[in-house]
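Trainee: Have a look at this one before I ask anything.
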Amino acid sequence: MPLPAPDVPASQRLALDCRTLLDHRVGKGVCGCCGALRPRYKRLVDNIFPEDPEDGLVKANMEKLTFYALSAPEKLDRIGAYLSERLSRDVARHRYGYVCIAMEALDQLLMACHCQSINLFVESFLKMVRKLLESDKPSLQILGTNSFVKFANIEEDTPSYHRSYDFFVSRFSEMCHSSYEDPDIRTKIRMAGIKGLQGVVRKTVNDELQANIWDPQHMDKIVPSLLFNLQCGEHSESRSPSPLQATEKEKESPVELTERCFRELLGRAAYGNIKNAVTPVLMHLDNHSLWEGKTFAVCCFKIIMYSIQSQHSHLVIQQLLGHLDANSKNSAKVRAGIVEVLLEAAAIAASGSVGPTVLEVFNTLLRQLRLSVDYELTGSYDGSTNIGTKIIKAHEERQLQEAVIRTIGSFANTLPTYQRSEVMLFIMGKIPVPGIHPTLPSTGSGPEGTRMIQIMLLKSLVQVTAGFQTTNMLTALPSSFLEPLLSFSLTEDPEVRLLVLQILLSLIDRHDNRPKFTNISIISDISVLKLKVDKCSRQDNLFMKKHGQQLYRHIYMGCKEPSSGRQHYETLFALLGLLSVELANEEVVVDLIRLALALQDLALSTDEALPVYNRCAVHALAAAYLNLICQLTTVPAFCQHIHEVIEVRQKESPYLLPEDVFIDNPKLPSSLEKVEGGVLFLQSKITEVLGGSGYNTERLATPYVPQYTDEDRLSKRKSIGETISLQVEVESRNSPEKEERTPAEEITFETLKNAIVDSVGMEEQERERRRQVVVKFQKAPFEEIAAHCGARATLLQSKLNQIFEITIRPPPSPSGTVSSGYGQSQSRSVPIYEMKFPDLCVY
């Protein structure tokens with residue numbers, strides 16, 4: 001029977017009400033009998049799930065769902081919410097097959113849809129990923145991670161203002177530290193965590209509306225997680241900034257995956273984010289004591305330096321320097337590890353720049369060098385107390401010092417010539433130079449520490465000047481650098497003198513000729529050396545005119561030192577050879593020949609009391625150099641004379657030639673009393689043969705005599721500390737405490753006898769007295785020293801007043817003399833304003 005007309009609208013309303021009710025219900029069983037009343041998007045979603053989950057996603061129905069989502073984008077958020085509800089139910093019921101199907105559907109919808117309403121769908125998607133990551137099942141964690149990585153690679157058209165990834169950063173970092181029992185599953189979980197962190201970085205790093213991934217709260221989780229996996233397993237040497245494509249086996253390695261992720265993170269870091277990315281690395285290496293091994297720390301910073309933009313390299317170096325300062329009182333191994341990392345970082349940053357604070361870099365390194373010397377000699381980090389369990393090992397401190405010196409050289413090699421010159425001057429200013437820096441900063445290590453600091457800083461200069469090349473030596477090597485440097489060649493310390501000579505060789509050698517003068521020998525044909533000789537420029541001529549005599553004198557004085565050994569003479573020969581090929585014009589050649597002949601005279605002289613070895617060495621040095629210079633001048637008669645003398649020496653006196661002197665066990669005579677005749681080079685003969693070739697005969701005939709200067713007063717000291725004590729001693733002798741002048745002692749036979757007998761005791765007393773004077777000036781309060789100096793100044797002023805009273809007479813009076821009451825004439829002084837001068841004297 002047909003329904004009445006008024007009931008039709010009522011039935012439709014009932015159907016609509018039922019459908020609305022069922023919209024809020026879940027489950028196929030509830031609405032199985034009335035599926036036609038359910039929304040279309042739910043029917044489409046239900047149809048993608050097969051009866052048996054092993055059959056997988058129903059592809060045909062999935063295509064329908066995708067087409068529907070693209071046709072009606074406003075339904076996308078409801079589709080996501082419904083899929084999320086189904087997936088939550090399946091997770092709770094452990095129906096993992098349907099879970100995988102739901103996630104696959106979510107992935108395909110994400111990849112297909114990029115409409116403006118995708119944000120609400122993403123919220124449902126991230127909710128489900130979070131649900132999977134919170135599960136205890138490794139398979140679900142890996143499934144959720146893979147879906148998140150796919151989502152991270154999608155570039156969204158519209159920004160999101162409220163999305164948060166804090167949970168994902170924390171959870172992925174936790175997965176990176178997984179300790180699952182099964183090693184294979186543990187590796188998969190860790191790799192999933194690394195991929196997840198990589199996805200978070202990709203999704204957030206370039207989106208200004210997202211939470212800043214570079215904040216310390218995120219970096220302190222991400223970076224240590226990556227370093228933890230980078231540290232696990234054997235890691236090969238870091239490659240170039242863009243490594244070659246890894247093989248499939250390497251891609252499965254957590255270490256390789258971590259390195260790629262770490263490189264990507266650093267490569268995306270902007271100028272202001274470098275510090276936040278590097279600080280967790282430093283903290284991780286500190287907390288796990290990874291500086292001492294050096295290998296892993298160096299590996300980490302190689303990755304960092306290769307991955308960041310080159311113009312940001314100096315920021316990393318500055319952070320390392322600051323970290324080195326912060327660890328000044330840590331063990332030598334830790335500091336050495338940081339310095340080694342600095343060394344590698346500087347080598348990689350060579351293509352860029354160390355940055356605007358070049359001198360700050362060297363100042364920090366030199367400060368660490370001085371601290372290390374003090375630690376080694378005092379055995380204490382803070383001078384007195386709170387040593388605790390910290391035991392300073394001298395050999396570790398020496399290793400640190402060598403590492404700092406190498407690092408200084410590495411930094412210097414990255415600088416242009418003009419900046420390297422500034423660094424050389426800067427380091428020279430830190431060295432206590434005799435006559436220029438008579439006082440030193442207070443150190444607890446005493447004179448021995450001062451000497452060690454001098455040696456360490458000179459070794460640093462050797463590293464800085466290595467490979468130094470300049471076209472204008474006059475501007476690159478000013479007097480403010482050369483003069484204090486050359487003054488060190490007058491010290492008695494042989495190690496200091498050798499370092500100075502090595503620095504000079506580096507500065508003068510501009511054509512890599514130095515290796516060709518390594519060994520002293522008589523070479524019959526120097527063409528085998530393949531020397532590179534360029535014409536001397538105008539700037540070089542000016543340099544030699546200004547500094548040539550200084551160089552000659554210091555070479556002469558170096559040969560005159562009894563403590564000079566084989567290395568010293570070999571280095572002096574190299575210096576003479578480099579001067580001949582790098583900076584020699586005709587005048588310089590004449591001076592060098594005169595110098596060589598003067599060295600021969602020095603070896604013949606018995607006044608200098610040189611040992612036999614030194615005298616033979618000087619003879620051999622002069623012979624080797626004259627053999628070299630005669631072939632450079634290409635004057636046949638000159639060469640003939642030199643070769644004749646050398647042949648005579650080979651037959652009669654082989655100990656005067658380098659081949660028999662500069663060996664491990666030289667065979668030398670007991671004395672050199674009869675060195676004469678044909679074994680000597682004759683200045684008259686050389687003057688004659690060179691004069692015929694246009695050389696200045698008058699200058700050649702004049703024997704070379706070194707010019708003695710004020711520096712020679714300091715030549716007989718072992719360290720600058722003795723110079724200070726000597727100055728203090730002289731001052732103490734003039735102190736007001738010894739105002740009484742002792743009468744001149746009468747010298748008798750008994751006096752001389754007592755002086756000879758008691759000389760040893762007197763030396764001990766004198767040494768002790770000098771030590772007490774030095775200690776007094778080092779440890780006495782400032783007020784006491786000031787009072788002492790003030791009293792001495794008062795004494796000096798009183799003496800001056802007495803001298804003035806004796807020497808200054810009153811001016812003659814125009815009015816003549818005045819008779820005194822005793823009949824004697826007395827000069828009467830008239831003020832100058834009362835004097836009457838003749839008109840001709842007034843202008």
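Identifiers in the structure tokens: chain A, B, ... in order shown; residue index from 1 per chain; ligand index from 1 in order shown.
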Report the residues of region 160-210 of chain A whose backbone DSSP state falls under helix (DSSP H, G or I), written as number ranges by chain.

Mentor: A: 166-176, 183-204

Trainee: Would you kindly return, as an MDAnalysis selection string, each protein, DNA or RNA residue with an atom no farther than 7 Å from any atom of Pro138 (chain A), considering only C-alpha atoms and excluding same-chain residues fewer than 3 positions away?

Mentor: chainID A and resid 141:142 189

Trainee: Write out as a list of chain:residue names which residues come within 6 Å of region 73-88 of chain A when counting only C-alpha atoms, dropping same-chain ones fewer than 4 positions away.

Mentor: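 Skipping anything fewer than 4 positions along the chain leaves A:Ala69, A:Val99, A:Leu120, A:Phe121, A:Ser124.
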
Trainee: Keeping all heavy atoms for every residue in the selection just given, could you write it to a file as an mmCIF file, in the first residue's frame?

Mentor:
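Contents of the output file selection29.cif:
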data_model
loop_
_atom_site.group_PDB
_atom_site.id
_atom_site.type_symbol
_atom_site.label_atom_id
_atom_site.label_comp_id
_atom_site.auth_asym_id
_atom_site.auth_seq_id
_atom_site.Cartn_x
_atom_site.Cartn_y
_atom_site.Cartn_z
ATOM 1 N N ALA A 69 39.756 12.880 -3.550
ATOM 2 C CA ALA A 69 40.430 13.896 -2.734
ATOM 3 C C ALA A 69 40.898 15.069 -3.589
ATOM 4 O O ALA A 69 40.851 16.231 -3.155
ATOM 5 C CB ALA A 69 41.618 13.271 -2.008
ATOM 6 N N VAL A 99 47.345 -1.490 9.798
ATOM 7 C CA VAL A 99 48.119 -0.287 10.110
ATOM 8 C C VAL A 99 49.025 0.077 8.938
ATOM 9 O O VAL A 99 49.106 1.246 8.528
ATOM 10 C CB VAL A 99 48.950 -0.503 11.396
ATOM 11 C CG1 VAL A 99 49.913 0.674 11.607
ATOM 12 C CG2 VAL A 99 48.032 -0.641 12.604
ATOM 13 N N LEU A 120 45.362 20.640 7.600
ATOM 14 C CA LEU A 120 44.589 19.839 8.551
ATOM 15 C C LEU A 120 44.816 18.353 8.323
ATOM 16 O O LEU A 120 44.842 17.561 9.266
ATOM 17 C CB LEU A 120 43.099 20.180 8.420
ATOM 18 C CG LEU A 120 42.731 21.618 8.815
ATOM 19 C CD1 LEU A 120 41.250 21.860 8.591
ATOM 20 C CD2 LEU A 120 43.084 21.867 10.274
ATOM 21 N N PHE A 121 45.028 17.969 7.077
ATOM 22 C CA PHE A 121 45.342 16.580 6.789
ATOM 23 C C PHE A 121 46.705 16.196 7.379
ATOM 24 O O PHE A 121 46.877 15.101 7.910
ATOM 25 C CB PHE A 121 45.336 16.358 5.276
ATOM 26 C CG PHE A 121 45.723 14.972 4.857
ATOM 27 C CD1 PHE A 121 44.854 13.913 5.040
ATOM 28 C CD2 PHE A 121 46.960 14.717 4.308
ATOM 29 C CE1 PHE A 121 45.211 12.628 4.674
ATOM 30 C CE2 PHE A 121 47.330 13.447 3.941
ATOM 31 C CZ PHE A 121 46.444 12.397 4.113
ATOM 32 N N SER A 124 46.502 15.293 11.017
ATOM 33 C CA SER A 124 46.078 13.906 11.234
ATOM 34 C C SER A 124 47.223 12.950 10.934
ATOM 35 O O SER A 124 47.435 11.965 11.655
ATOM 36 C CB SER A 124 44.871 13.581 10.336
ATOM 37 O OG SER A 124 43.785 14.432 10.625
#

Trainee: Just give me the gap between CA of Gly379 (chain A) and CA of Leu282 (chain A) in Å, one decimal is fine.

Mentor: 27.4 Å

Trainee: Using only C-alpha atoms, pick whichever of A:Lys137, A:Leu531, A:Leu501, A:Glu561 has the shortest atom-to-atom distance to His94 (chain A).

Mentor: A:Lys137

Trainee: Fewer than 6 positions away in the same chain doesn't count, so skip those; otherwise give me all residues within 8 Å of Val223 (chain A), counting only C-alpha atoms, as a list in words.

Mentor: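 My list of contacting residues is Phe262, Ala277, Pro280 and Val281 of chain A.
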
Trainee: Hey, what's within 12 Å of Arg367 (chain A) if we count only C-alpha atoms and toss same-chain stuff fewer than 6 positions away? As a ChimeraX atom specification, please?

Mentor: /A:321,324-325,328,359-361,373-374,401,404-405,408,427,430-431,441,453,456-457

Trainee: I'd like the interatomic distance between CA of Ser521 (chain A) and CA of Ser487 (chain A), to a tenth of an Å.

Mentor: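 Taking CA of Ser521 (chain A) and CA of Ser487 (chain A), their separation equals 29.1 Å.
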
Trainee: Can you list, as a PyMOL selection string, every protein, DNA or RNA residue that comes within 12 Å of Leu265 (chain A) when you count only C-alpha atoms, leaving out same-chain residues fewer than 6 positions away?

Mentor: chain A and resi 194+197-206+213-214+219+222-223+226+258-259+273-274+276-278+303-304+307-309
